[in-house]
Amino acid sequence: MRCSTHFMTGLSIWMCVMLSIVPAAVVPSDGIGEVLDGPWDNIRLPENIKAKAYKLSLNIDWEHMNYTGTQEVTMDVTGEDTKYFLIHTVGLVIDKEATTLHKLGGKTDEELTVKRTFMDTEKKPELRHDFYVVESEETVAAGSYKMKISFAGKVQTEKLTGMYRSKYARTLQDGSTEMIYQVSTDFEPVDARSAFPCFDEPAQKANWTTDITVTFPAGIDINEYNIISNMPLKEALTRENQIISGSFMESVPMSTYLVCFAVSDFLYKEDVLTRGDGSQVTMRVYARREDEFQESASYALNVTSKIIEEYEKFYKVPYPLPKLDQIALPEFNSGAMENWGIITYRESSLLYNPTTSSTAEKQRVCSVIAHEAAHQWFGNIVTMAWWNDLWLNEGFASFVEYYGIDAAEPSWNILDFFYPDEMTTAMNFDSSPSSHPISVQVSSPEELSGLFDTISYRKGSSINWMMMKFMGDDTFAKGLAQYIDDFQYGNAAMVDLFNSLNKVADVNVTKVMLTWTLQMGFPYVTTSLDNTTFPGSTIISLKQERFIVGEAKPDDISEYGYEWHIPFCYRYKVKNGAVKTSGIHWIWSDDDTSKTVTVNETIEWIKGNVDGNFYYLVNYGADNLAALATALENKELDGATDKTSLIYDVFRLAETGHVAYDKALDMTKYATAEKEYVVLSRILSEVLSAGDGVKTNETAYGNLWKYVAKMLKPRVDDMGWDPKNESEPITAPKMRDMALRNYCKAVQNETDTTVKEALAKYTEFVADPGTKKSEIKDVFTTVMRTAIIYDDKNNTNWQAMWDLLQKSDWEADQKIYIAALARTKNQTVLRKMIDDSFDENAKAGTWRYLYYVSYHGDHYDLAWELLQDKWDDYAIKYNTTSFTMGYLVEIPEVFDTQAKYDEVAAFFKKKEYNIGTGLKTVEETLSKIKANIKWKDDHYEDVASWFTKLTFE
Ligand code: BES
Ligand code: ZN
């Protein structure tokens, strides 16, 4: 046998020399004895080392936006002996010589000899596991150890992740502007490692003690600056010689992605929550120091206390920290981030100006706060063991937030919005062949970021709602409190949750729920009624099938065979009698033939899935469907959510050929009489999306808009432009904005009275935006968009709005301006706008301009052309962050020809190397185009003919 040292460890080389008989060894080296393989080959940290505590010290140079630091981590080694200590770090300069290791526990800590230190990439350049490896001379046994690392890094100024700089232009008294900077952090999922070395996995919970020092250049008034972090300061900041410095109290055990600090000159508003037992939580909302920002912080403060009090009751575990800060940052990557004790927001998610902000902004602020506050329990106290169960964080926060909002704003009846906002959005996404199960395998950072999607959030929240509805509201709440109690300060996996719920439930939650979490998609249940076999009784037959739009992928198999355990229930109308509600009948996936339920009454119709509580569709026979159409018209079926879910189901089944499209469209004819916002908005969106499919047919498309105008006219007339009184329900401003906005667009007539009113309001507003905004705050979107749709040849309104955008400090308004500006028909203007969106000072984020342009039917081609042209510029800015790249990749999903499909597929293939976090969305976009092509083949004729045949007096 030939002795080659090339693929051998030190030990095998020794054996080879001594005995010359050993087989080829398994661990390769680089030829000079350096081991190449090791625990760094695995993307996960070794299981035998657990971080216990960190002492982090950072020294930030404000002028140069860089820093030095030391990280001292105490850890426990268990199980297998080791000589490698792996810790995450990326993009930092580590002082390798200064890295030390100590064994703790003896009389004095014993310093261990560090044999060498290296990055995983020094072993294998292709590894991107972000490991810094510290190799000890001796193999160490189980026990406590301490590692100290000195490092230097740069504050990010190009990206909004890790430790980054944000900024805004402050207008001074003389009208000039000055840039004001903030330094803060945004780590989830894996950017903590870019700010300092740490064990950057969610199950590595440890106590953090942090010291932060900031050195400012001359000319900055350091007395205006403050530093906040997860915990309160031990004592007041010291301020001396342009240096401020502070030490924070030790945290509770927490995951690295929740560590946060922020340095700014912001001011705060404060409130103290005092509990029955006298204990207190100090709540602060930090924002820019200018008056209008400070005035806009009170609403957040006010709702936060109510929300926290509600959650303490709900979870039966108190908010564990002595304080809760919330800060509105001028530049922020997502909407908000739930860092423990210091929640960070983009400004439009936290600030609400009572004079000028809309009801929609108020609702946004309240729901984001409720969401992030929910994470203080679901996520922070109990954390998913690994990212594959991200839905245990996001799906729960997205569910619990409804109860937080309900506590803060009971008059909104927010629970009525669960079905239309969560369930339908989830099902739209989840019916695609490129969807994925809630629980998935993930490892690379891009894959992790791609997981923050509709499935984790909205399918997650929807199946929580479903569990609540089959277990019973109170039982479910009890089960969740049990879960928080079982796993507090620890980590949990999906089955842990189900086990906690099983302790209180009377169904086998695990058995039922695995069919919903381990397979993607959802079923539709076909119902049929038999009134003749036993006169006086009705036999209801129920059959489940997988619902999917398009073809399943060839390798798409599920261990449950795409069958589910389904809690079925229904409303039904007794012949010549009342409308009643059934209890739950389980359709088990192991029921082999179709299931039947017998009712001792003659039934005229049933409406399955009462109140849209469950995550499936219901299909009806022709007679039942006709009876339901009548029941909609004569208001026998009158619950808003029942009506919404009926319309939703019927259109999904029409798209997939289970219901005739004209029958579905016929069901919208009663809508002139529909006064419920959620129902009418569903109908409108179904009609618009069917209409979009026939936009190449002039008559049909023309009739679509006439139909929409006619449908909305009665609502335009009863809502008017102004609130009727102070106590309008929250659905009133929503209805008003929806009806006016779509009506003004649909009538396509600048002499229409409502359009003229909108244009007049725009003119008044432009003349005096400061005072006029408050008068049109709830119809602001309508007024801005109508002004652009009916703009003159010189783009006068557009120019005026562009100037307003440049002057605006208020992000929520900026978004509305950009969305309106994107509606101009003038493509030359749009091209220039997209160029300008790359300006360093562009408002509200570069990506948003193109995204909004892409929403406009006339500009599908333009948006796609510009996306391709500027792809690399967008990728540089966004391809490591979570949501944005997905939005950009989504742009061509509106196409419906094979030629476009090929073009889009070829483009993304070519760009595969820099799509980053948008990679998963490429597949979804392509599936969507395929589905559009199929829709056209299957339904174009029917739908075009339905619209063409419409008559209008
Ligand atoms: N944990 C997320 C923030 C986040 C998002 C981190 C993506 C990493 C990647 C936070 O709780 C969140 O979900 N924020 C939402 C707002 C919320 C109201 C749905 C957001 O940022 O849009
Ligand atoms: Zn969240």
# chains A, B, ... in the order shown; residues from 1 in each chain; ligands from 1

$ closest_atom_pairs --of "region 39-155 of chain A" --to "region 181-192 of chain A" --cutoff "12 Å" --atoms "only C-alpha atoms" --output "CSV"
residue,atom,partner,partner_atom,distance
A:Ile60,CA,A:Val183,CA,9.5
A:Asp61,CA,A:Val183,CA,10.8
A:Trp62,CA,A:Val183,CA,8.7
A:Glu63,CA,A:Tyr181,CA,10.4
A:Met65,CA,A:Val183,CA,8.8
A:Asn66,CA,A:Val183,CA,10.6
A:Tyr67,CA,A:Val183,CA,11.5
A:Ile87,CA,A:Ala192,CA,11.7
A:His88,CA,A:Ala192,CA,8.8
A:Thr89,CA,A:Ala192,CA,8.3
A:Val90,CA,A:Asp191,CA,8.6
A:Gly91,CA,A:Asp191,CA,10.4
A:Leu92,CA,A:Ala192,CA,11.4
A:His129,CA,A:Val190,CA,11.0
A:Asp130,CA,A:Val190,CA,10.1
A:Lys154,CA,A:Val183,CA,11.4
A:Val155,CA,A:Val183,CA,7.8

$ residues_near_ligand --ligand "ligand 1" --cutoff "10 Å" --atoms "only C-alpha atoms and all ligand atoms" --output "mmCIF file with C-alpha atoms, in the first residue's frame"
data_model
loop_
_atom_site.group_PDB
_atom_site.id
_atom_site.type_symbol
_atom_site.label_atom_id
_atom_site.label_comp_id
_atom_site.auth_asym_id
_atom_site.auth_seq_id
_atom_site.Cartn_x
_atom_site.Cartn_y
_atom_site.Cartn_z
ATOM 1 C CA THR A 161 -27.922 45.600 8.466
ATOM 2 C CA ASP A 186 -30.392 45.269 13.047
ATOM 3 C CA PHE A 187 -29.315 41.638 13.401
ATOM 4 C CA GLU A 188 -32.016 39.120 12.627
ATOM 5 C CA PRO A 189 -31.343 36.528 11.409
ATOM 6 C CA VAL A 190 -27.539 36.344 11.167
ATOM 7 C CA ASP A 191 -25.983 39.807 11.198
ATOM 8 C CA TYR A 257 -30.217 38.173 17.042
ATOM 9 C CA LEU A 258 -32.018 40.160 19.753
ATOM 10 C CA PHE A 332 -34.585 50.996 8.533
ATOM 11 C CA ASN A 333 -34.474 47.751 6.652
ATOM 12 C CA SER A 334 -37.866 46.210 7.391
ATOM 13 C CA GLY A 335 -40.899 47.552 9.244
ATOM 14 C CA ALA A 336 -39.655 46.880 12.759
ATOM 15 C CA MET A 337 -37.485 44.533 14.813
ATOM 16 C CA GLU A 338 -38.356 43.070 18.196
ATOM 17 C CA ASN A 339 -34.967 43.391 19.977
ATOM 18 C CA ILE A 343 -37.706 47.635 19.636
ATOM 19 C CA THR A 344 -36.507 49.406 16.498
ATOM 20 C CA TYR A 345 -38.869 50.755 13.832
ATOM 21 C CA ARG A 346 -38.901 52.622 10.599
ATOM 22 C CA SER A 349 -44.311 52.097 11.686
ATOM 23 C CA ARG A 364 -50.395 50.372 10.845
ATOM 24 C CA VAL A 365 -48.647 51.809 13.908
ATOM 25 C CA CYS A 366 -50.890 49.987 16.346
ATOM 26 C CA SER A 367 -50.476 46.675 14.564
ATOM 27 C CA VAL A 368 -46.697 46.869 14.228
ATOM 28 C CA ILE A 369 -46.380 47.686 17.930
ATOM 29 C CA ALA A 370 -48.742 44.835 18.807
ATOM 30 C CA HIS A 371 -46.690 42.497 16.635
ATOM 31 C CA GLU A 372 -43.289 43.411 18.060
ATOM 32 C CA ALA A 373 -44.640 43.455 21.600
ATOM 33 C CA ALA A 374 -46.020 39.933 21.048
ATOM 34 C CA HIS A 375 -42.494 38.835 20.151
ATOM 35 C CA GLN A 376 -41.280 39.867 23.598
ATOM 36 C CA GLY A 379 -39.607 34.869 20.148
ATOM 37 C CA LEU A 390 -39.390 30.556 12.217
ATOM 38 C CA ASN A 393 -41.876 33.403 16.090
ATOM 39 C CA GLU A 394 -43.508 35.142 13.163
ATOM 40 C CA GLY A 395 -46.695 33.132 12.816
ATOM 41 C CA ALA A 397 -46.633 37.314 16.612
ATOM 42 C CA SER A 398 -48.811 37.748 13.498
ATOM 43 C CA GLU A 401 -50.992 40.957 17.416
ATOM 44 C CA LEU A 448 -32.754 31.987 6.248
ATOM 45 C CA SER A 449 -33.626 35.468 5.073
ATOM 46 C CA GLY A 450 -35.887 34.047 2.386
ATOM 47 C CA LEU A 451 -37.915 32.338 5.115
ATOM 48 C CA PHE A 452 -39.424 35.619 6.259
ATOM 49 C CA ASP A 453 -42.273 35.119 3.839
ATOM 50 C CA THR A 454 -46.035 34.820 3.588
ATOM 51 C CA SER A 456 -44.082 31.846 8.011
ATOM 52 C CA TYR A 457 -46.157 34.939 8.768
ATOM 53 C CA ARG A 458 -49.615 34.486 7.348
ATOM 54 C CA THR A 881 -31.695 41.890 3.139
ATOM 55 C CA SER A 882 -34.909 40.063 3.747
ATOM 56 C CA PHE A 883 -37.992 41.480 2.075
ATOM 57 C CA THR A 884 -36.785 43.928 -0.559
#

$ residues_around --residues "region 683-691 of chain A" --least-positions-apart "6" --cutoff "8 Å" --atoms "only C-alpha atoms" --output "ChimeraX atom specification"
/A:644,647-648,651,665,668,671,700-701,704,708,943

$ write_last_selection --atoms "N, CA, C and O atoms" --output "PDB file, in the first residue's frame"
ATOM      1  N   THR A 644     -67.454  37.086   2.594  1.00  0.00           N
ATOM      2  CA  THR A 644     -66.131  37.261   1.998  1.00  0.00           C
ATOM      3  C   THR A 644     -65.529  35.911   1.631  1.00  0.00           C
ATOM      4  O   THR A 644     -64.969  35.738   0.555  1.00  0.00           O
ATOM      5  N   ILE A 647     -67.185  34.346  -1.501  1.00  0.00           N
ATOM      6  CA  ILE A 647     -66.709  34.971  -2.751  1.00  0.00           C
ATOM      7  C   ILE A 647     -65.279  34.499  -3.052  1.00  0.00           C
ATOM      8  O   ILE A 647     -64.943  34.131  -4.175  1.00  0.00           O
ATOM      9  N   TYR A 648     -64.466  34.512  -2.018  1.00  0.00           N
ATOM     10  CA  TYR A 648     -63.058  34.116  -2.217  1.00  0.00           C
ATOM     11  C   TYR A 648     -62.986  32.684  -2.767  1.00  0.00           C
ATOM     12  O   TYR A 648     -62.332  32.417  -3.772  1.00  0.00           O
ATOM     13  N   PHE A 651     -64.203  32.206  -6.467  1.00  0.00           N
ATOM     14  CA  PHE A 651     -63.250  32.662  -7.491  1.00  0.00           C
ATOM     15  C   PHE A 651     -62.032  31.762  -7.605  1.00  0.00           C
ATOM     16  O   PHE A 651     -61.547  31.501  -8.708  1.00  0.00           O
ATOM     17  N   LEU A 665     -68.581  35.331 -11.570  1.00  0.00           N
ATOM     18  CA  LEU A 665     -68.737  36.762 -11.838  1.00  0.00           C
ATOM     19  C   LEU A 665     -70.171  37.228 -11.579  1.00  0.00           C
ATOM     20  O   LEU A 665     -70.394  38.326 -11.055  1.00  0.00           O
ATOM     21  N   THR A 668     -71.114  38.689  -8.283  1.00  0.00           N
ATOM     22  CA  THR A 668     -70.698  40.037  -7.869  1.00  0.00           C
ATOM     23  C   THR A 668     -71.740  41.085  -8.254  1.00  0.00           C
ATOM     24  O   THR A 668     -71.607  42.253  -7.921  1.00  0.00           O
ATOM     25  N   ALA A 671     -73.343  43.523  -5.831  1.00  0.00           N
ATOM     26  CA  ALA A 671     -72.428  44.332  -5.021  1.00  0.00           C
ATOM     27  C   ALA A 671     -72.800  45.806  -4.905  1.00  0.00           C
ATOM     28  O   ALA A 671     -72.357  46.493  -3.980  1.00  0.00           O
ATOM     29  N   ALA A 700     -64.210  44.530 -23.611  1.00  0.00           N
ATOM     30  CA  ALA A 700     -64.341  43.891 -22.295  1.00  0.00           C
ATOM     31  C   ALA A 700     -63.680  44.757 -21.231  1.00  0.00           C
ATOM     32  O   ALA A 700     -64.250  44.997 -20.157  1.00  0.00           O
ATOM     33  N   TYR A 701     -62.502  45.251 -21.543  1.00  0.00           N
ATOM     34  CA  TYR A 701     -61.750  46.032 -20.554  1.00  0.00           C
ATOM     35  C   TYR A 701     -62.458  47.364 -20.279  1.00  0.00           C
ATOM     36  O   TYR A 701     -62.537  47.811 -19.136  1.00  0.00           O
ATOM     37  N   LEU A 704     -65.215  46.608 -18.004  1.00  0.00           N
ATOM     38  CA  LEU A 704     -64.746  46.361 -16.635  1.00  0.00           C
ATOM     39  C   LEU A 704     -64.815  47.660 -15.828  1.00  0.00           C
ATOM     40  O   LEU A 704     -65.340  47.685 -14.720  1.00  0.00           O
ATOM     41  N   VAL A 708     -67.065  48.629 -12.605  1.00  0.00           N
ATOM     42  CA  VAL A 708     -66.501  49.043 -11.310  1.00  0.00           C
ATOM     43  C   VAL A 708     -67.104  50.378 -10.872  1.00  0.00           C
ATOM     44  O   VAL A 708     -67.503  50.557  -9.712  1.00  0.00           O
ATOM     45  N   VAL A 943     -64.327  34.972 -19.752  1.00  0.00           N
ATOM     46  CA  VAL A 943     -64.320  36.208 -18.967  1.00  0.00           C
ATOM     47  C   VAL A 943     -64.523  37.411 -19.896  1.00  0.00           C
ATOM     48  O   VAL A 943     -65.320  38.316 -19.606  1.00  0.00           O
TER      49      VAL A 943
END

$ select_by_dssp --residues "region 453-646 of chain A" --states "helix (DSSP H, G or I)" --output "VMD selection string"
chain A and resid 454 to 471 473 to 487 494 to 502 509 to 517 610 to 612 622 to 633 640 to 646

$ residues_around --residues "region 273-280 of chain A" --least-positions-apart "6" --cutoff "9 Å" --atoms "only C-alpha atoms" --output "PDB file with N, CA, C and O atoms, in the first residue's frame"
ATOM      1  N   SER A 305     -48.657  50.551  26.462  1.00  0.00           N
ATOM      2  CA  SER A 305     -49.012  50.106  27.819  1.00  0.00           C
ATOM      3  C   SER A 305     -50.210  49.176  27.783  1.00  0.00           C
ATOM      4  O   SER A 305     -50.227  48.138  28.455  1.00  0.00           O
ATOM      5  N   ILE A 308     -49.103  45.758  26.368  1.00  0.00           N
ATOM      6  CA  ILE A 308     -48.289  44.965  27.299  1.00  0.00           C
ATOM      7  C   ILE A 308     -49.161  44.413  28.435  1.00  0.00           C
ATOM      8  O   ILE A 308     -49.041  43.240  28.816  1.00  0.00           O
ATOM      9  N   GLU A 309     -50.068  45.239  28.934  1.00  0.00           N
ATOM     10  CA  GLU A 309     -50.960  44.749  30.007  1.00  0.00           C
ATOM     11  C   GLU A 309     -51.795  43.563  29.524  1.00  0.00           C
ATOM     12  O   GLU A 309     -51.976  42.580  30.233  1.00  0.00           O
ATOM     13  N   PRO A 322     -37.074  45.626  33.161  1.00  0.00           N
ATOM     14  CA  PRO A 322     -37.561  46.820  33.852  1.00  0.00           C
ATOM     15  C   PRO A 322     -37.941  47.959  32.918  1.00  0.00           C
ATOM     16  O   PRO A 322     -38.533  48.941  33.348  1.00  0.00           O
ATOM     17  N   LYS A 323     -37.585  47.850  31.638  1.00  0.00           N
ATOM     18  CA  LYS A 323     -37.922  48.937  30.712  1.00  0.00           C
ATOM     19  C   LYS A 323     -38.201  48.398  29.325  1.00  0.00           C
ATOM     20  O   LYS A 323     -37.776  47.291  28.975  1.00  0.00           O
TER      21      LYS A 323
END

$ select_by_dssp --residues "region 180-226 of chain A" --states "strand (DSSP E or B)" --output "PyMOL selection string"
chain A and resi 180-186+198+206-215+226

$ residues_around --residues "Tyr562 (chain A)" --least-positions-apart "6" --cutoff "9 Å" --atoms "only C-alpha atoms" --output "list in words"
Thr515, Gln519, Met520, Gly521, Phe522, Pro523, Glu545, Arg546 and Ser589 of chain A

$ write_last_selection --atoms "all heavy atoms" --output "PDB file, in the first residue's frame"
ATOM      1  N   THR A 515     -50.356  17.487   9.628  1.00  0.00           N
ATOM      2  CA  THR A 515     -50.788  17.487   8.218  1.00  0.00           C
ATOM      3  C   THR A 515     -50.811  18.909   7.661  1.00  0.00           C
ATOM      4  O   THR A 515     -50.779  19.107   6.451  1.00  0.00           O
ATOM      5  CB  THR A 515     -52.180  16.827   8.019  1.00  0.00           C
ATOM      6  OG1 THR A 515     -53.191  17.605   8.675  1.00  0.00           O
ATOM      7  CG2 THR A 515     -52.206  15.404   8.544  1.00  0.00           C
ATOM      8  N   GLN A 519     -46.833  19.535   5.231  1.00  0.00           N
ATOM      9  CA  GLN A 519     -47.065  19.586   3.784  1.00  0.00           C
ATOM     10  C   GLN A 519     -47.525  20.985   3.401  1.00  0.00           C
ATOM     11  O   GLN A 519     -48.191  21.669   4.155  1.00  0.00           O
ATOM     12  CB  GLN A 519     -48.034  18.500   3.303  1.00  0.00           C
ATOM     13  CG  GLN A 519     -49.288  18.338   4.102  1.00  0.00           C
ATOM     14  CD  GLN A 519     -50.135  17.136   3.662  1.00  0.00           C
ATOM     15  OE1 GLN A 519     -49.759  16.355   2.784  1.00  0.00           O
ATOM     16  NE2 GLN A 519     -51.301  16.998   4.271  1.00  0.00           N
ATOM     17  N   MET A 520     -47.118  21.380   2.207  1.00  0.00           N
ATOM     18  CA  MET A 520     -47.530  22.702   1.743  1.00  0.00           C
ATOM     19  C   MET A 520     -48.959  22.645   1.240  1.00  0.00           C
ATOM     20  O   MET A 520     -49.544  21.579   1.100  1.00  0.00           O
ATOM     21  CB  MET A 520     -46.599  23.177   0.646  1.00  0.00           C
ATOM     22  CG  MET A 520     -46.728  22.437  -0.652  1.00  0.00           C
ATOM     23  SD  MET A 520     -45.498  23.113  -1.803  1.00  0.00           S
ATOM     24  CE  MET A 520     -46.125  22.534  -3.350  1.00  0.00           C
ATOM     25  N   GLY A 521     -49.516  23.810   0.978  1.00  0.00           N
ATOM     26  CA  GLY A 521     -50.833  23.887   0.376  1.00  0.00           C
ATOM     27  C   GLY A 521     -51.956  23.604   1.353  1.00  0.00           C
ATOM     28  O   GLY A 521     -51.757  23.612   2.579  1.00  0.00           O
ATOM     29  N   PHE A 522     -53.141  23.342   0.810  1.00  0.00           N
ATOM     30  CA  PHE A 522     -54.337  23.127   1.631  1.00  0.00           C
ATOM     31  C   PHE A 522     -55.381  22.443   0.756  1.00  0.00           C
ATOM     32  O   PHE A 522     -55.237  22.397  -0.467  1.00  0.00           O
ATOM     33  CB  PHE A 522     -54.851  24.467   2.174  1.00  0.00           C
ATOM     34  CG  PHE A 522     -55.065  25.501   1.106  1.00  0.00           C
ATOM     35  CD1 PHE A 522     -56.285  25.627   0.472  1.00  0.00           C
ATOM     36  CD2 PHE A 522     -54.018  26.347   0.718  1.00  0.00           C
ATOM     37  CE1 PHE A 522     -56.481  26.567  -0.534  1.00  0.00           C
ATOM     38  CE2 PHE A 522     -54.204  27.292  -0.291  1.00  0.00           C
ATOM     39  CZ  PHE A 522     -55.432  27.402  -0.921  1.00  0.00           C
ATOM     40  N   PRO A 523     -56.440  21.918   1.366  1.00  0.00           N
ATOM     41  CA  PRO A 523     -57.439  21.200   0.575  1.00  0.00           C
ATOM     42  C   PRO A 523     -58.642  22.068   0.183  1.00  0.00           C
ATOM     43  O   PRO A 523     -58.821  23.147   0.713  1.00  0.00           O
ATOM     44  CB  PRO A 523     -57.896  20.116   1.551  1.00  0.00           C
ATOM     45  CG  PRO A 523     -57.754  20.752   2.905  1.00  0.00           C
ATOM     46  CD  PRO A 523     -56.615  21.731   2.814  1.00  0.00           C
ATOM     47  N   GLU A 545     -59.858  17.226  -1.450  1.00  0.00           N
ATOM     48  CA  GLU A 545     -58.809  17.096  -2.474  1.00  0.00           C
ATOM     49  C   GLU A 545     -57.832  18.235  -2.298  1.00  0.00           C
ATOM     50  O   GLU A 545     -58.185  19.290  -1.774  1.00  0.00           O
ATOM     51  CB  GLU A 545     -59.430  17.172  -3.876  1.00  0.00           C
ATOM     52  CG  GLU A 545     -59.997  15.862  -4.369  1.00  0.00           C
ATOM     53  CD  GLU A 545     -60.891  16.056  -5.577  1.00  0.00           C
ATOM     54  OE1 GLU A 545     -62.076  16.399  -5.369  1.00  0.00           O
ATOM     55  OE2 GLU A 545     -60.401  15.895  -6.690  1.00  0.00           O
ATOM     56  N   ARG A 546     -56.627  18.018  -2.788  1.00  0.00           N
ATOM     57  CA  ARG A 546     -55.629  19.078  -2.720  1.00  0.00           C
ATOM     58  C   ARG A 546     -56.013  20.221  -3.653  1.00  0.00           C
ATOM     59  O   ARG A 546     -56.386  19.983  -4.803  1.00  0.00           O
ATOM     60  CB  ARG A 546     -54.277  18.519  -3.157  1.00  0.00           C
ATOM     61  CG  ARG A 546     -53.177  19.548  -3.183  1.00  0.00           C
ATOM     62  CD  ARG A 546     -51.894  18.951  -3.737  1.00  0.00           C
ATOM     63  NE  ARG A 546     -50.802  19.901  -3.610  1.00  0.00           N
ATOM     64  CZ  ARG A 546     -49.571  19.661  -4.030  1.00  0.00           C
ATOM     65  NH1 ARG A 546     -49.269  18.502  -4.570  1.00  0.00           N
ATOM     66  NH2 ARG A 546     -48.629  20.569  -3.897  1.00  0.00           N
ATOM     67  N   SER A 589     -57.910  12.343   7.445  1.00  0.00           N
ATOM     68  CA  SER A 589     -57.269  11.987   6.185  1.00  0.00           C
ATOM     69  C   SER A 589     -57.320  10.476   5.985  1.00  0.00           C
ATOM     70  O   SER A 589     -57.249   9.987   4.872  1.00  0.00           O
ATOM     71  CB  SER A 589     -55.837  12.505   6.133  1.00  0.00           C
ATOM     72  OG  SER A 589     -54.978  11.596   6.737  1.00  0.00           O
TER      73      SER A 589
END

$ atom_distance --atom1 "CA of Pro253 (chain A)" --atom2 "CA of Ala206 (chain A)"
4.4 Å

$ atom_distance --atom1 "CA of Glu80 (chain A)" --atom2 "CA of Lys124 (chain A)"
24.4 Å

$ closest_residue --among "A:Lys934, A:Lys772, A:Lys745, A:Lys928" --to "Thr355 (chain A)" --atoms "only C-alpha atoms"
A:Lys772

$ residues_around --residues "region 34-50 of chain A" --least-positions-apart "3" --cutoff "9 Å" --atoms "only C-alpha atoms" --output "ChimeraX atom specification"
/A:8-10,27-31,74-82,84-88,119-120,123-124,127-133,142,199-201,203-206,443-444

$ residues_around --residues "region 262-264 of chain A" --least-positions-apart "4" --cutoff "10 Å" --atoms "only C-alpha atoms" --output "PyMOL selection string"
chain A and resi 62+163-167+180-186+212+214+224-230+286-289+327+329+342+344

$ closest_residue --among "A:Gln482, A:Glu235, A:Asp662, A:Ser461" --to "ligand 2" --atoms "only C-alpha atoms and all ligand atoms"
A:Ser461
